[in-house]
>>> print(open('coords_0.cif').read())   # mmCIF, C-alpha atoms
data_final
loop_
_atom_site.group_PDB
_atom_site.id
_atom_site.type_symbol
_atom_site.label_atom_id
_atom_site.label_comp_id
_atom_site.auth_asym_id
_atom_site.auth_seq_id
_atom_site.Cartn_x
_atom_site.Cartn_y
_atom_site.Cartn_z
ATOM 1 C CA MET W 284 0.668 -42.842 -48.396
ATOM 2 C CA HIS W 285 1.134 -41.631 -51.953
ATOM 3 C CA ASN W 286 -2.589 -41.967 -52.615
ATOM 4 C CA SER W 287 -3.565 -39.234 -50.232
ATOM 5 C CA PRO W 288 -0.565 -37.021 -49.797
ATOM 6 C CA SER W 289 -2.415 -33.945 -48.644
ATOM 7 C CA GLY W 290 -4.266 -35.765 -45.830
ATOM 8 C CA VAL W 291 -1.158 -37.428 -44.470
ATOM 9 C CA LYS W 292 0.848 -34.277 -44.731
ATOM 10 C CA GLY W 293 -1.875 -32.356 -42.993
ATOM 11 C CA ARG W 294 -1.955 -34.781 -40.090
ATOM 12 C CA PHE W 295 1.776 -34.854 -39.875
ATOM 13 C CA PHE W 296 1.820 -31.099 -39.709
ATOM 14 C CA ILE W 297 -0.661 -31.050 -36.831
ATOM 15 C CA ILE W 298 1.409 -33.558 -34.866
ATOM 16 C CA MET W 299 4.529 -31.522 -35.506
ATOM 17 C CA SER W 300 2.925 -28.326 -34.362
ATOM 18 C CA LYS W 301 1.551 -29.990 -31.231
ATOM 19 C CA LYS W 302 5.029 -31.207 -30.494
ATOM 20 C CA GLU W 303 6.402 -27.727 -30.968
ATOM 21 C CA ILE W 304 3.867 -26.304 -28.548
ATOM 22 C CA HIS W 305 4.867 -28.992 -26.072
ATOM 23 C CA ILE W 306 8.554 -28.213 -26.335
ATOM 24 C CA GLU W 307 7.961 -24.527 -25.949
ATOM 25 C CA GLU W 308 7.359 -23.855 -22.276
ATOM 26 C CA HIS W 309 3.669 -23.319 -21.825
ATOM 27 C CA ARG W 310 2.864 -22.262 -18.331
ATOM 28 C CA ASP W 311 1.049 -19.557 -16.468
ATOM 29 C CA ASP W 312 2.448 -19.022 -12.981
ATOM 30 C CA GLU W 313 -0.130 -16.378 -12.117
ATOM 31 C CA ALA W 314 -2.946 -18.825 -12.863
ATOM 32 C CA SER W 315 -1.242 -21.597 -10.876
ATOM 33 C CA LYS W 316 -0.959 -19.318 -7.899
ATOM 34 C CA LEU W 317 -4.562 -18.137 -8.238
ATOM 35 C CA GLY W 318 -5.621 -21.798 -8.307
ATOM 36 C CA MET W 319 -3.658 -22.474 -5.129
ATOM 37 C CA TRP W 320 -5.273 -19.483 -3.473
ATOM 38 C CA LEU W 321 -8.764 -20.677 -4.441
ATOM 39 C CA PHE W 322 -7.928 -24.010 -2.822
ATOM 40 C CA ILE W 323 -6.651 -22.176 0.268
ATOM 41 C CA PHE W 324 -10.008 -20.347 0.461
ATOM 42 C CA THR W 325 -11.822 -23.680 0.706
ATOM 43 C CA GLU W 326 -9.414 -24.741 3.452
ATOM 44 C CA LEU W 327 -9.980 -21.497 5.346
ATOM 45 C CA LEU W 328 -13.729 -21.977 5.187
ATOM 46 C CA LEU W 329 -13.393 -25.630 6.237
ATOM 47 C CA PHE W 330 -11.624 -24.551 9.427
ATOM 48 C CA GLY W 331 -13.880 -21.478 9.589
ATOM 49 C CA GLY W 332 -16.890 -23.772 9.946
ATOM 50 C CA LEU W 333 -15.202 -25.542 12.839
ATOM 51 C CA PHE W 334 -14.319 -22.243 14.496
ATOM 52 C CA LEU W 335 -17.983 -21.268 14.176
ATOM 53 C CA VAL W 336 -19.109 -24.480 15.904
ATOM 54 C CA TYR W 337 -16.476 -23.853 18.567
ATOM 55 C CA SER W 338 -17.585 -20.275 19.263
ATOM 56 C CA ILE W 339 -21.273 -21.183 19.499
ATOM 57 C CA PHE W 340 -20.629 -23.997 21.985
ATOM 58 C CA ARG W 341 -18.163 -21.850 23.885
ATOM 59 C CA ALA W 342 -20.831 -19.183 24.270
ATOM 60 C CA GLN W 343 -23.172 -21.916 25.491
ATOM 61 C CA TYR W 344 -20.772 -23.612 27.960
ATOM 62 C CA PRO W 345 -18.233 -20.933 29.013
ATOM 63 C CA THR W 346 -17.224 -22.491 32.348
ATOM 64 C CA ALA W 347 -16.854 -26.045 31.026
ATOM 65 C CA PHE W 348 -14.712 -24.782 28.145
ATOM 66 C CA HIS W 349 -12.558 -22.809 30.549
ATOM 67 C CA GLN W 350 -12.060 -25.767 32.911
ATOM 68 C CA SER W 351 -11.271 -28.131 30.031
ATOM 69 C CA SER W 352 -8.753 -25.744 28.502
ATOM 70 C CA LEU W 353 -6.786 -25.811 31.785
ATOM 71 C CA GLU W 354 -6.066 -29.490 31.052
ATOM 72 C CA LEU W 355 -3.931 -28.463 28.084
ATOM 73 C CA SER W 356 -0.293 -27.489 28.515
ATOM 74 C CA VAL W 357 0.215 -23.869 27.512
ATOM 75 C CA THR W 358 3.973 -24.512 27.359
ATOM 76 C CA ILE W 359 3.696 -27.205 24.689
ATOM 77 C CA GLY W 360 1.176 -25.071 22.808
ATOM 78 C CA ALA W 361 3.491 -22.041 22.946
ATOM 79 C CA ILE W 362 6.515 -24.079 21.817
ATOM 80 C CA ASN W 363 4.506 -25.423 18.889
ATOM 81 C CA THR W 364 3.385 -21.899 18.006
ATOM 82 C CA ILE W 365 6.973 -20.646 17.933
ATOM 83 C CA VAL W 366 8.107 -23.691 15.949
ATOM 84 C CA LEU W 367 5.390 -23.163 13.337
ATOM 85 C CA LEU W 368 6.037 -19.416 13.050
ATOM 86 C CA PHE W 369 9.738 -20.134 12.613
ATOM 87 C CA SER W 370 9.103 -22.793 9.963
ATOM 88 C CA SER W 371 6.818 -20.373 8.159
ATOM 89 C CA MET W 372 9.701 -17.930 7.972
ATOM 90 C CA THR W 373 12.202 -20.546 6.786
ATOM 91 C CA ILE W 374 9.964 -21.693 3.930
ATOM 92 C CA ALA W 375 9.509 -18.042 2.896
ATOM 93 C CA MET W 376 13.312 -17.795 2.977
ATOM 94 C CA ALA W 377 13.597 -20.924 0.816
ATOM 95 C CA LEU W 378 11.586 -19.064 -1.822
ATOM 96 C CA THR W 379 13.834 -16.009 -1.504
ATOM 97 C CA ALA W 380 16.872 -18.280 -1.900
ATOM 98 C CA ILE W 381 15.531 -19.936 -5.060
ATOM 99 C CA GLN W 382 14.686 -16.530 -6.520
ATOM 100 C CA LYS W 383 18.300 -15.545 -5.909
ATOM 101 C CA ASN W 384 19.385 -18.783 -7.605
ATOM 102 C CA ASP W 385 20.909 -20.031 -4.363
ATOM 103 C CA GLN W 386 20.045 -23.731 -4.568
ATOM 104 C CA LYS W 387 22.115 -24.754 -1.571
ATOM 105 C CA ARG W 388 20.444 -22.335 0.819
ATOM 106 C CA ALA W 389 17.006 -23.192 -0.556
ATOM 107 C CA LEU W 390 17.615 -26.861 0.293
ATOM 108 C CA ILE W 391 18.782 -25.955 3.804
ATOM 109 C CA PHE W 392 15.706 -23.791 4.399
ATOM 110 C CA ILE W 393 13.294 -26.477 3.168
ATOM 111 C CA GLY W 394 15.154 -28.984 5.364
ATOM 112 C CA VAL W 395 14.809 -26.741 8.426
ATOM 113 C CA THR W 396 11.102 -26.310 7.684
ATOM 114 C CA LEU W 397 10.628 -30.086 7.510
ATOM 115 C CA PHE W 398 12.567 -30.488 10.760
ATOM 116 C CA CYS W 399 10.294 -27.944 12.490
ATOM 117 C CA ALA W 400 7.248 -29.777 11.161
ATOM 118 C CA ALA W 401 8.613 -32.987 12.677
ATOM 119 C CA ILE W 402 9.165 -31.263 16.049
ATOM 120 C CA PHE W 403 5.574 -30.034 15.930
ATOM 121 C CA LEU W 404 4.269 -33.548 15.331
ATOM 122 C CA VAL W 405 6.430 -35.055 18.089
ATOM 123 C CA ASN W 406 5.081 -32.453 20.524
ATOM 124 C CA LYS W 407 1.568 -33.266 19.369
ATOM 125 C CA TYR W 408 2.283 -36.959 19.910
ATOM 126 C CA PHE W 409 3.295 -36.358 23.540
ATOM 127 C CA GLU W 410 0.384 -33.999 24.101
ATOM 128 C CA TRP W 411 -2.176 -36.421 22.702
ATOM 129 C CA GLY W 412 -0.419 -39.363 24.354
ATOM 130 C CA HIS W 413 -0.824 -37.681 27.720
ATOM 131 C CA LYS W 414 -4.556 -37.208 27.120
ATOM 132 C CA ILE W 415 -5.001 -40.762 25.883
ATOM 133 C CA GLU W 416 -3.206 -42.110 28.977
ATOM 134 C CA HIS W 417 -5.828 -40.377 31.075
ATOM 135 C CA GLY W 418 -8.557 -42.031 29.044
ATOM 136 C CA LEU W 419 -9.423 -38.883 27.134
ATOM 137 C CA TYR W 420 -9.822 -39.706 23.475
ATOM 138 C CA PRO W 421 -12.764 -39.951 21.075
ATOM 139 C CA GLY W 422 -14.643 -43.158 21.722
ATOM 140 C CA SER W 423 -13.060 -43.860 25.127
ATOM 141 C CA ALA W 424 -15.042 -45.163 28.095
ATOM 142 C CA LEU W 425 -14.463 -41.903 29.971
ATOM 143 C CA MET W 426 -15.700 -39.484 27.329
ATOM 144 C CA PRO W 427 -19.476 -40.225 27.580
ATOM 145 C CA LEU W 428 -19.271 -39.753 31.361
ATOM 146 C CA LEU W 429 -18.190 -36.123 30.959
ATOM 147 C CA ASP W 430 -20.849 -33.453 31.028
ATOM 148 C CA ARG W 431 -21.902 -31.939 27.740
ATOM 149 C CA GLY W 432 -19.615 -28.872 27.845
ATOM 150 C CA HIS W 433 -16.441 -30.848 28.566
ATOM 151 C CA LEU W 434 -17.404 -33.482 26.041
ATOM 152 C CA LEU W 435 -17.906 -30.850 23.330
ATOM 153 C CA TYR W 436 -14.617 -29.138 24.170
ATOM 154 C CA PHE W 437 -12.544 -32.304 23.967
ATOM 155 C CA SER W 438 -14.338 -33.538 20.833
ATOM 156 C CA LEU W 439 -13.618 -30.208 19.152
ATOM 157 C CA TYR W 440 -10.060 -30.212 20.494
ATOM 158 C CA PHE W 441 -9.275 -33.629 19.041
ATOM 159 C CA PHE W 442 -11.064 -32.952 15.765
ATOM 160 C CA MET W 443 -9.577 -29.508 15.116
ATOM 161 C CA THR W 444 -6.015 -30.253 16.209
ATOM 162 C CA GLY W 445 -6.242 -33.636 14.460
ATOM 163 C CA LEU W 446 -7.371 -32.066 11.207
ATOM 164 C CA HIS W 447 -4.622 -29.486 11.598
ATOM 165 C CA ALA W 448 -2.012 -32.223 12.196
ATOM 166 C CA LEU W 449 -3.265 -33.967 9.045
ATOM 167 C CA HIS W 450 -2.604 -30.721 7.179
ATOM 168 C CA ILE W 451 0.916 -30.657 8.646
ATOM 169 C CA ILE W 452 1.525 -34.141 7.228
ATOM 170 C CA ILE W 453 0.141 -33.162 3.813
ATOM 171 C CA GLY W 454 2.259 -29.988 3.850
ATOM 172 C CA MET W 455 5.359 -32.017 4.750
ATOM 173 C CA THR W 456 4.719 -34.390 1.841
ATOM 174 C CA LEU W 457 4.413 -31.440 -0.513
ATOM 175 C CA LEU W 458 7.638 -29.904 0.821
ATOM 176 C CA VAL W 459 9.532 -33.211 0.503
ATOM 177 C CA VAL W 460 8.525 -33.241 -3.178
ATOM 178 C CA CYS W 461 9.732 -29.623 -3.460
ATOM 179 C CA TYR W 462 13.017 -30.578 -1.760
ATOM 180 C CA PHE W 463 13.847 -33.218 -4.353
ATOM 181 C CA LYS W 464 12.684 -31.016 -7.232
ATOM 182 C CA VAL W 465 15.002 -28.262 -6.033
ATOM 183 C CA LYS W 466 17.765 -30.826 -5.683
ATOM 184 C CA ASN W 467 17.512 -32.048 -9.280
ATOM 185 C CA GLN W 468 16.894 -28.478 -10.449
ATOM 186 C CA ASN W 469 13.354 -29.045 -11.668
ATOM 187 C CA ILE W 470 12.593 -26.091 -9.437
ATOM 188 C CA ASN W 471 15.039 -23.321 -10.309
ATOM 189 C CA ASN W 472 15.174 -19.553 -10.346
ATOM 190 C CA LYS W 473 13.220 -19.469 -13.618
ATOM 191 C CA ASP W 474 10.499 -21.916 -12.637
ATOM 192 C CA TYR W 475 9.623 -22.083 -8.954
ATOM 193 C CA VAL W 476 5.842 -21.866 -8.868
ATOM 194 C CA LEU W 477 5.569 -25.328 -7.237
ATOM 195 C CA LEU W 478 7.736 -24.213 -4.324
ATOM 196 C CA GLU W 479 5.708 -21.012 -4.134
ATOM 197 C CA ASN W 480 2.459 -22.981 -3.894
ATOM 198 C CA GLY W 481 3.975 -25.438 -1.419
ATOM 199 C CA ALA W 482 5.064 -22.488 0.717
ATOM 200 C CA LEU W 483 1.563 -20.981 0.502
ATOM 201 C CA TYR W 484 0.126 -24.252 1.803
ATOM 202 C CA TRP W 485 2.623 -24.267 4.640
ATOM 203 C CA HIS W 486 1.725 -20.687 5.599
ATOM 204 C CA LEU W 487 -1.936 -21.737 5.633
ATOM 205 C CA VAL W 488 -1.119 -24.405 8.230
ATOM 206 C CA ASP W 489 0.630 -21.706 10.283
ATOM 207 C CA LEU W 490 -2.281 -19.317 9.809
ATOM 208 C CA ILE W 491 -4.813 -21.813 11.181
ATOM 209 C CA TRP W 492 -2.608 -22.514 14.201
ATOM 210 C CA ILE W 493 -2.397 -18.767 14.945
ATOM 211 C CA PHE W 494 -6.130 -18.894 15.732
ATOM 212 C CA LEU W 495 -6.223 -22.420 17.120
ATOM 213 C CA PHE W 496 -3.616 -21.725 19.804
ATOM 214 C CA PRO W 497 -5.312 -18.844 21.682
ATOM 215 C CA LEU W 498 -8.772 -20.374 21.302
ATOM 216 C CA MET W 499 -7.859 -23.857 22.543
ATOM 217 C CA TYR W 500 -5.073 -23.183 25.045
ATOM 218 C CA LEU W 501 -5.654 -19.685 26.377
ATOM 219 C CA ILE W 502 -9.254 -19.305 27.417
ATOM 220 C CA SER W 503 -10.094 -17.571 30.618
ATOM 221 C CA MET F 183 11.663 -15.231 -18.004
ATOM 222 C CA ALA F 184 8.900 -12.716 -17.517
ATOM 223 C CA ASN F 185 6.631 -15.455 -16.196
ATOM 224 C CA ASN F 186 7.787 -14.956 -12.634
ATOM 225 C CA THR F 187 6.269 -11.828 -11.239
ATOM 226 C CA THR F 188 6.899 -12.662 -7.602
ATOM 227 C CA HIS F 189 8.641 -10.018 -5.606
ATOM 228 C CA THR F 190 11.760 -11.176 -3.769
ATOM 229 C CA ILE F 191 11.610 -10.474 -0.046
ATOM 230 C CA GLU F 192 14.969 -10.113 1.657
ATOM 231 C CA TYR F 193 16.023 -12.473 4.474
ATOM 232 C CA ARG F 194 16.366 -9.525 6.823
ATOM 233 C CA THR F 195 12.744 -8.426 6.290
ATOM 234 C CA LEU F 196 11.510 -11.967 6.872
ATOM 235 C CA SER F 197 13.419 -12.317 10.132
ATOM 236 C CA LYS F 198 12.106 -8.967 11.361
ATOM 237 C CA ILE F 199 8.549 -10.151 10.689
ATOM 238 C CA LEU F 200 9.298 -13.330 12.662
ATOM 239 C CA LEU F 201 10.507 -11.279 15.639
ATOM 240 C CA VAL F 202 7.289 -9.244 15.606
ATOM 241 C CA LEU F 203 5.227 -12.457 15.386
ATOM 242 C CA MET F 204 7.099 -13.981 18.344
ATOM 243 C CA PHE F 205 6.635 -10.823 20.380
ATOM 244 C CA LEU F 206 2.894 -10.883 19.646
ATOM 245 C CA THR F 207 2.745 -14.544 20.708
ATOM 246 C CA PHE F 208 4.324 -13.763 24.083
ATOM 247 C CA LEU F 209 2.013 -10.770 24.419
ATOM 248 C CA THR F 210 -1.025 -13.022 23.892
ATOM 249 C CA ILE F 211 0.181 -15.521 26.483
ATOM 250 C CA SER F 212 0.932 -12.852 29.087
ATOM 251 C CA ILE F 213 -2.321 -10.988 28.494
ATOM 252 C CA THR F 214 -4.463 -14.096 28.765
ATOM 253 C CA SER F 215 -2.740 -15.088 32.009
ATOM 254 C CA ILE F 216 -4.088 -11.876 33.578
ATOM 255 C CA GLN F 217 -7.807 -12.010 34.222
ATOM 256 C CA LEU F 218 -9.423 -9.284 32.175
ATOM 257 C CA GLY F 219 -12.791 -10.950 31.810
ATOM 258 C CA ALA F 220 -14.521 -10.594 28.482
ATOM 259 C CA PHE F 221 -11.752 -8.353 27.150
ATOM 260 C CA THR F 222 -9.233 -11.179 27.207
ATOM 261 C CA VAL F 223 -10.855 -13.037 24.315
ATOM 262 C CA THR F 224 -11.264 -9.858 22.311
ATOM 263 C CA ILE F 225 -7.634 -8.857 22.800
ATOM 264 C CA ALA F 226 -6.386 -12.396 22.082
ATOM 265 C CA LEU F 227 -8.405 -12.494 18.853
ATOM 266 C CA LEU F 228 -7.267 -9.016 17.821
ATOM 267 C CA ILE F 229 -3.640 -10.032 18.261
ATOM 268 C CA ALA F 230 -4.278 -13.267 16.365
ATOM 269 C CA GLY F 231 -5.837 -11.177 13.577
ATOM 270 C CA LEU F 232 -2.784 -8.929 13.479
ATOM 271 C CA LYS F 233 -0.487 -11.963 13.318
ATOM 272 C CA ALA F 234 -2.570 -13.460 10.512
ATOM 273 C CA PHE F 235 -2.339 -10.146 8.647
ATOM 274 C CA LEU F 236 1.459 -10.131 8.983
ATOM 275 C CA VAL F 237 1.732 -13.718 7.736
ATOM 276 C CA LEU F 238 -0.644 -13.100 4.826
ATOM 277 C CA SER F 239 0.937 -9.860 3.665
ATOM 278 C CA ASN F 240 4.612 -10.743 4.127
ATOM 279 C CA PHE F 241 5.197 -14.506 4.252
ATOM 280 C CA MET F 242 2.467 -15.169 1.699
ATOM 281 C CA HIS F 243 3.609 -12.239 -0.468
ATOM 282 C CA LEU F 244 0.134 -10.673 -0.628
ATOM 283 C CA LYS F 245 1.679 -7.232 -0.207
ATOM 284 C CA TYR F 246 3.162 -7.625 -3.668
ATOM 285 C CA GLU F 247 0.326 -9.507 -5.377
ATOM 286 C CA SER F 248 -2.287 -8.191 -7.782
ATOM 287 C CA VAL F 249 -5.204 -6.135 -6.497
ATOM 288 C CA LEU F 250 -7.582 -8.867 -7.671
ATOM 289 C CA LEU F 251 -6.004 -11.485 -5.420
ATOM 290 C CA ARG F 252 -5.861 -9.149 -2.447
ATOM 291 C CA ILE F 253 -9.540 -8.305 -2.813
ATOM 292 C CA LEU F 254 -10.385 -12.008 -3.147
ATOM 293 C CA VAL F 255 -8.549 -12.865 0.076
ATOM 294 C CA ALA F 256 -10.145 -9.952 1.921
ATOM 295 C CA MET F 257 -13.578 -11.099 0.704
ATOM 296 C CA VAL F 258 -13.070 -14.580 2.177
ATOM 297 C CA PHE F 259 -12.463 -13.049 5.590
ATOM 298 C CA VAL F 260 -15.433 -10.681 5.171
ATOM 299 C CA LEU F 261 -17.580 -13.682 4.214
ATOM 300 C CA PHE F 262 -16.448 -15.564 7.300
ATOM 301 C CA ALA F 263 -17.114 -12.548 9.549
ATOM 302 C CA LEU F 264 -20.629 -12.284 8.073
ATOM 303 C CA ILE F 265 -21.274 -15.977 8.701
ATOM 304 C CA ILE F 266 -20.186 -15.577 12.339
ATOM 305 C CA VAL F 267 -22.309 -12.455 12.891
ATOM 306 C CA ILE F 268 -25.411 -13.888 11.212
ATOM 307 C CA THR F 269 -25.127 -17.179 13.103
ATOM 308 C CA PHE F 270 -24.761 -15.376 16.415
ATOM 309 C CA ILE F 271 -27.745 -13.120 15.682
ATOM 310 C CA ASP F 272 -29.778 -16.217 14.886
ATOM 311 C CA TYR F 273 -28.505 -17.927 18.018
ATOM 312 C CA ALA F 274 -29.178 -14.935 20.290
ATOM 313 C CA TYR F 275 -32.785 -14.385 19.171
ATOM 314 C CA ARG F 276 -34.170 -17.855 18.936
#
>>> encode(input="coords_0.cif", output="structure tokens")
Amino acid sequence: MHNSPSGVKGRFFIIMSKKEIHIEEHRDDEASKLGMWLFIFTELLLFGGLFLVYSIFRAQYPTAFHQSSLELSVTIGAINTIVLLFSSMTIAMALTAIQKNDQKRALIFIGVTLFCAAIFLVNKYFEWGHKIEHGLYPGSALMPLLDRGHLLYFSLYFFMTGLHALHIIIGMTLLVVCYFKVKNQNINNKDYVLLENGALYWHLVDLIWIFLFPLMYLIS
Amino acid sequence: MANNTTHTIEYRTLSKILLVLMFLTFLTISITSIQLGAFTVTIALLIAGLKAFLVLSNFMHLKYESVLLRILVAMVFVLFALIIVITFIDYAYR
């Protein structure tokens, strides 16, 4: 060590300064949010592609799509729409609460959002269960017997609502993480960008459903 | 810390937006239950677009975000509209 003091000192200094940078909070919330938005764009275009396929086939088989859509329960679809809109509001309120440094309310709002998400999935379970009971599911014996229009409608129905439900589950996972981070104050009124991004994801799920509901359930 | 630039939206504003969204949902359901032919889809999609706008601008805080981000989001929807139009032109004239 004494043979090369300058080298050792130099290295030591670099390590120290790195450590200092690490201790000092180094984050860029604007960039994190922009990153989340860029990811949301890819999600929008993913579902956009499916909506495009849907609209082309709907233009091709208008009567089959109409008849098939009558098989869906508008009531369940409407309940799920309301539930998702409500959960979208509660997660926005969770963000307001954390900004106001109201940890308790933030936890309640995230909890309500998660509860709504669970209701949505239970509804979806009954809805899909009903279809599956009638032999309508991808790969069933009944599906190939349907004519092309009905087959396309139900394939798109299962794929689009299924992909949407998958997004619900991913969103729930993200919000559970946010819940515990709020609880142990890793998310607080000075650092809440994770909750902000989690909320953005949840609004995306709501946004997709806003278009999915009228297109799948309410065609005439 | 100056790192957080997010605007705080009051609970009252958020609940008002929810009421409007719910009203629009019931409007869509009641309109589509009446047979209006080709208009039904157009109206349903217009209402859906309005609802999406409300969610984007209020719940997703876009109203208070930078101009850059707002333009970016608008461009994604313009891009998607172009894709739809171009595909349908291709489909109609083949």
>>> resolve_selection(input="coords_0.cif", expression="the PyMOL selection byres ((chain F) within 9 of (chain W))", output="VMD selection string")
chain F and resid 183 to 193 196 to 197 199 to 200 203 to 204 207 to 208 210 to 211 214 to 220 222 to 223 226 to 227 230 to 231 233 to 234 237 to 238 240 to 243 251 254 to 255 258 to 259 262 265 to 266 269 to 270 273
>>> atom_distance(input="coords_0.cif", atom1="atom CA of Gln386 of chain W", atom2="atom CA of Ser239 of chain F")
25.0 Å
>>> resolve_selection(input="coords_0.cif", expression="the PyMOL selection byres ((chain W and resi 456-466) around 8)", output="ChimeraX atom specification")
/W:386,389-390,393-394,397,452-455,467-471,477-478,481-482
>>> atom_distance(input="coords_0.cif", atom1="atom CA of Arg341 of chain W", atom2="atom CA of Tyr436 of chain W")
8.1 Å
>>> axis_aligned_box(input="coords_0.cif", around="segment 374-386 of chain W", padding_each_side="3 Å", output="JSON")
{"center_x": 15.2, "center_y": -19.6, "center_z": -1.8, "size_x": 17.4, "size_y": 14.2, "size_z": 17.5}
>>> atom_distance(input="coords_0.cif", atom1="atom CA of Ser351 of chain W", atom2="atom CA of His433 of chain W")
6.0 Å
>>> residues_around(input="coords_0.cif", residues="segment 399-413 of chain W", least_positions_apart="4", cutoff="8 Å", atoms="all atoms listed in the file", output="PDB file with C-alpha atoms, keeping the file's coordinate frame")
ATOM      1  CA  SER W 356      -0.293 -27.489  28.515  1.00  0.00           C
ATOM      2  CA  ILE W 359       3.696 -27.205  24.689  1.00  0.00           C
ATOM      3  CA  ASN W 363       4.506 -25.423  18.889  1.00  0.00           C
ATOM      4  CA  VAL W 366       8.107 -23.691  15.949  1.00  0.00           C
ATOM      5  CA  LEU W 367       5.390 -23.163  13.337  1.00  0.00           C
ATOM      6  CA  PHE W 369       9.738 -20.134  12.613  1.00  0.00           C
ATOM      7  CA  SER W 370       9.103 -22.793   9.963  1.00  0.00           C
ATOM      8  CA  VAL W 395      14.809 -26.741   8.426  1.00  0.00           C
ATOM      9  CA  HIS W 417      -5.828 -40.377  31.075  1.00  0.00           C
ATOM     10  CA  ALA W 448      -2.012 -32.223  12.196  1.00  0.00           C
ATOM     11  CA  ILE W 451       0.916 -30.657   8.646  1.00  0.00           C
ATOM     12  CA  MET W 455       5.359 -32.017   4.750  1.00  0.00           C
TER      13      MET W 455
END
>>> resolve_selection(input="coords_0.cif", expression="the PyMOL selection byres ((chain W and resi 434) around 12)", output="PDB file with C-alpha atoms, in the frame of the given file")
ATOM      1  CA  PHE W 340     -20.629 -23.997  21.985  1.00  0.00           C
ATOM      2  CA  ARG W 341     -18.163 -21.850  23.885  1.00  0.00           C
ATOM      3  CA  TYR W 344     -20.772 -23.612  27.960  1.00  0.00           C
ATOM      4  CA  ALA W 347     -16.854 -26.045  31.026  1.00  0.00           C
ATOM      5  CA  PHE W 348     -14.712 -24.782  28.145  1.00  0.00           C
ATOM      6  CA  GLN W 350     -12.060 -25.767  32.911  1.00  0.00           C
ATOM      7  CA  SER W 351     -11.271 -28.131  30.031  1.00  0.00           C
ATOM      8  CA  SER W 352      -8.753 -25.744  28.502  1.00  0.00           C
ATOM      9  CA  LEU W 419      -9.423 -38.883  27.134  1.00  0.00           C
ATOM     10  CA  TYR W 420      -9.822 -39.706  23.475  1.00  0.00           C
ATOM     11  CA  PRO W 421     -12.764 -39.951  21.075  1.00  0.00           C
ATOM     12  CA  GLY W 422     -14.643 -43.158  21.722  1.00  0.00           C
ATOM     13  CA  SER W 423     -13.060 -43.860  25.127  1.00  0.00           C
ATOM     14  CA  LEU W 425     -14.463 -41.903  29.971  1.00  0.00           C
ATOM     15  CA  MET W 426     -15.700 -39.484  27.329  1.00  0.00           C
ATOM     16  CA  PRO W 427     -19.476 -40.225  27.580  1.00  0.00           C
ATOM     17  CA  LEU W 428     -19.271 -39.753  31.361  1.00  0.00           C
ATOM     18  CA  LEU W 429     -18.190 -36.123  30.959  1.00  0.00           C
ATOM     19  CA  ASP W 430     -20.849 -33.453  31.028  1.00  0.00           C
ATOM     20  CA  ARG W 431     -21.902 -31.939  27.740  1.00  0.00           C
ATOM     21  CA  GLY W 432     -19.615 -28.872  27.845  1.00  0.00           C
ATOM     22  CA  HIS W 433     -16.441 -30.848  28.566  1.00  0.00           C
ATOM     23  CA  LEU W 435     -17.906 -30.850  23.330  1.00  0.00           C
ATOM     24  CA  TYR W 436     -14.617 -29.138  24.170  1.00  0.00           C
ATOM     25  CA  PHE W 437     -12.544 -32.304  23.967  1.00  0.00           C
ATOM     26  CA  SER W 438     -14.338 -33.538  20.833  1.00  0.00           C
ATOM     27  CA  LEU W 439     -13.618 -30.208  19.152  1.00  0.00           C
ATOM     28  CA  TYR W 440     -10.060 -30.212  20.494  1.00  0.00           C
ATOM     29  CA  PHE W 441      -9.275 -33.629  19.041  1.00  0.00           C
TER      30      PHE W 441
END
>>> build_atoms(input="coords_0.cif", residues="segment 493-502 of chain W", atoms="N, CA and C atoms", output="mmCIF file, in the coordinates of the input")
data_model
loop_
_atom_site.group_PDB
_atom_site.id
_atom_site.type_symbol
_atom_site.label_atom_id
_atom_site.label_comp_id
_atom_site.auth_asym_id
_atom_site.auth_seq_id
_atom_site.Cartn_x
_atom_site.Cartn_y
_atom_site.Cartn_z
ATOM 1 N N ILE W 493 -2.393 -20.081 14.292
ATOM 2 C CA ILE W 493 -2.397 -18.767 14.945
ATOM 3 C C ILE W 493 -3.730 -18.531 15.661
ATOM 4 N N PHE W 494 -4.824 -19.043 15.080
ATOM 5 C CA PHE W 494 -6.130 -18.894 15.732
ATOM 6 C C PHE W 494 -6.427 -20.048 16.685
ATOM 7 N N LEU W 495 -5.952 -21.232 16.312
ATOM 8 C CA LEU W 495 -6.223 -22.420 17.120
ATOM 9 C C LEU W 495 -5.578 -22.312 18.500
ATOM 10 N N PHE W 496 -4.355 -21.782 18.543
ATOM 11 C CA PHE W 496 -3.616 -21.725 19.804
ATOM 12 C C PHE W 496 -4.321 -20.882 20.876
ATOM 13 N N PRO W 497 -4.647 -19.600 20.613
ATOM 14 C CA PRO W 497 -5.312 -18.844 21.682
ATOM 15 C C PRO W 497 -6.694 -19.405 22.027
ATOM 16 N N LEU W 498 -7.405 -19.919 21.029
ATOM 17 C CA LEU W 498 -8.772 -20.374 21.302
ATOM 18 C C LEU W 498 -8.797 -21.676 22.099
ATOM 19 N N MET W 499 -7.849 -22.564 21.846
ATOM 20 C CA MET W 499 -7.859 -23.857 22.543
ATOM 21 C C MET W 499 -7.108 -23.791 23.868
ATOM 22 N N TYR W 500 -5.961 -23.102 23.881
ATOM 23 C CA TYR W 500 -5.073 -23.183 25.045
ATOM 24 C C TYR W 500 -5.258 -22.035 26.033
ATOM 25 N N LEU W 501 -5.701 -20.877 25.533
ATOM 26 C CA LEU W 501 -5.654 -19.685 26.377
ATOM 27 C C LEU W 501 -7.031 -19.094 26.655
ATOM 28 N N ILE W 502 -7.954 -19.903 27.112
ATOM 29 C CA ILE W 502 -9.254 -19.305 27.417
ATOM 30 C C ILE W 502 -9.334 -18.995 28.894
#
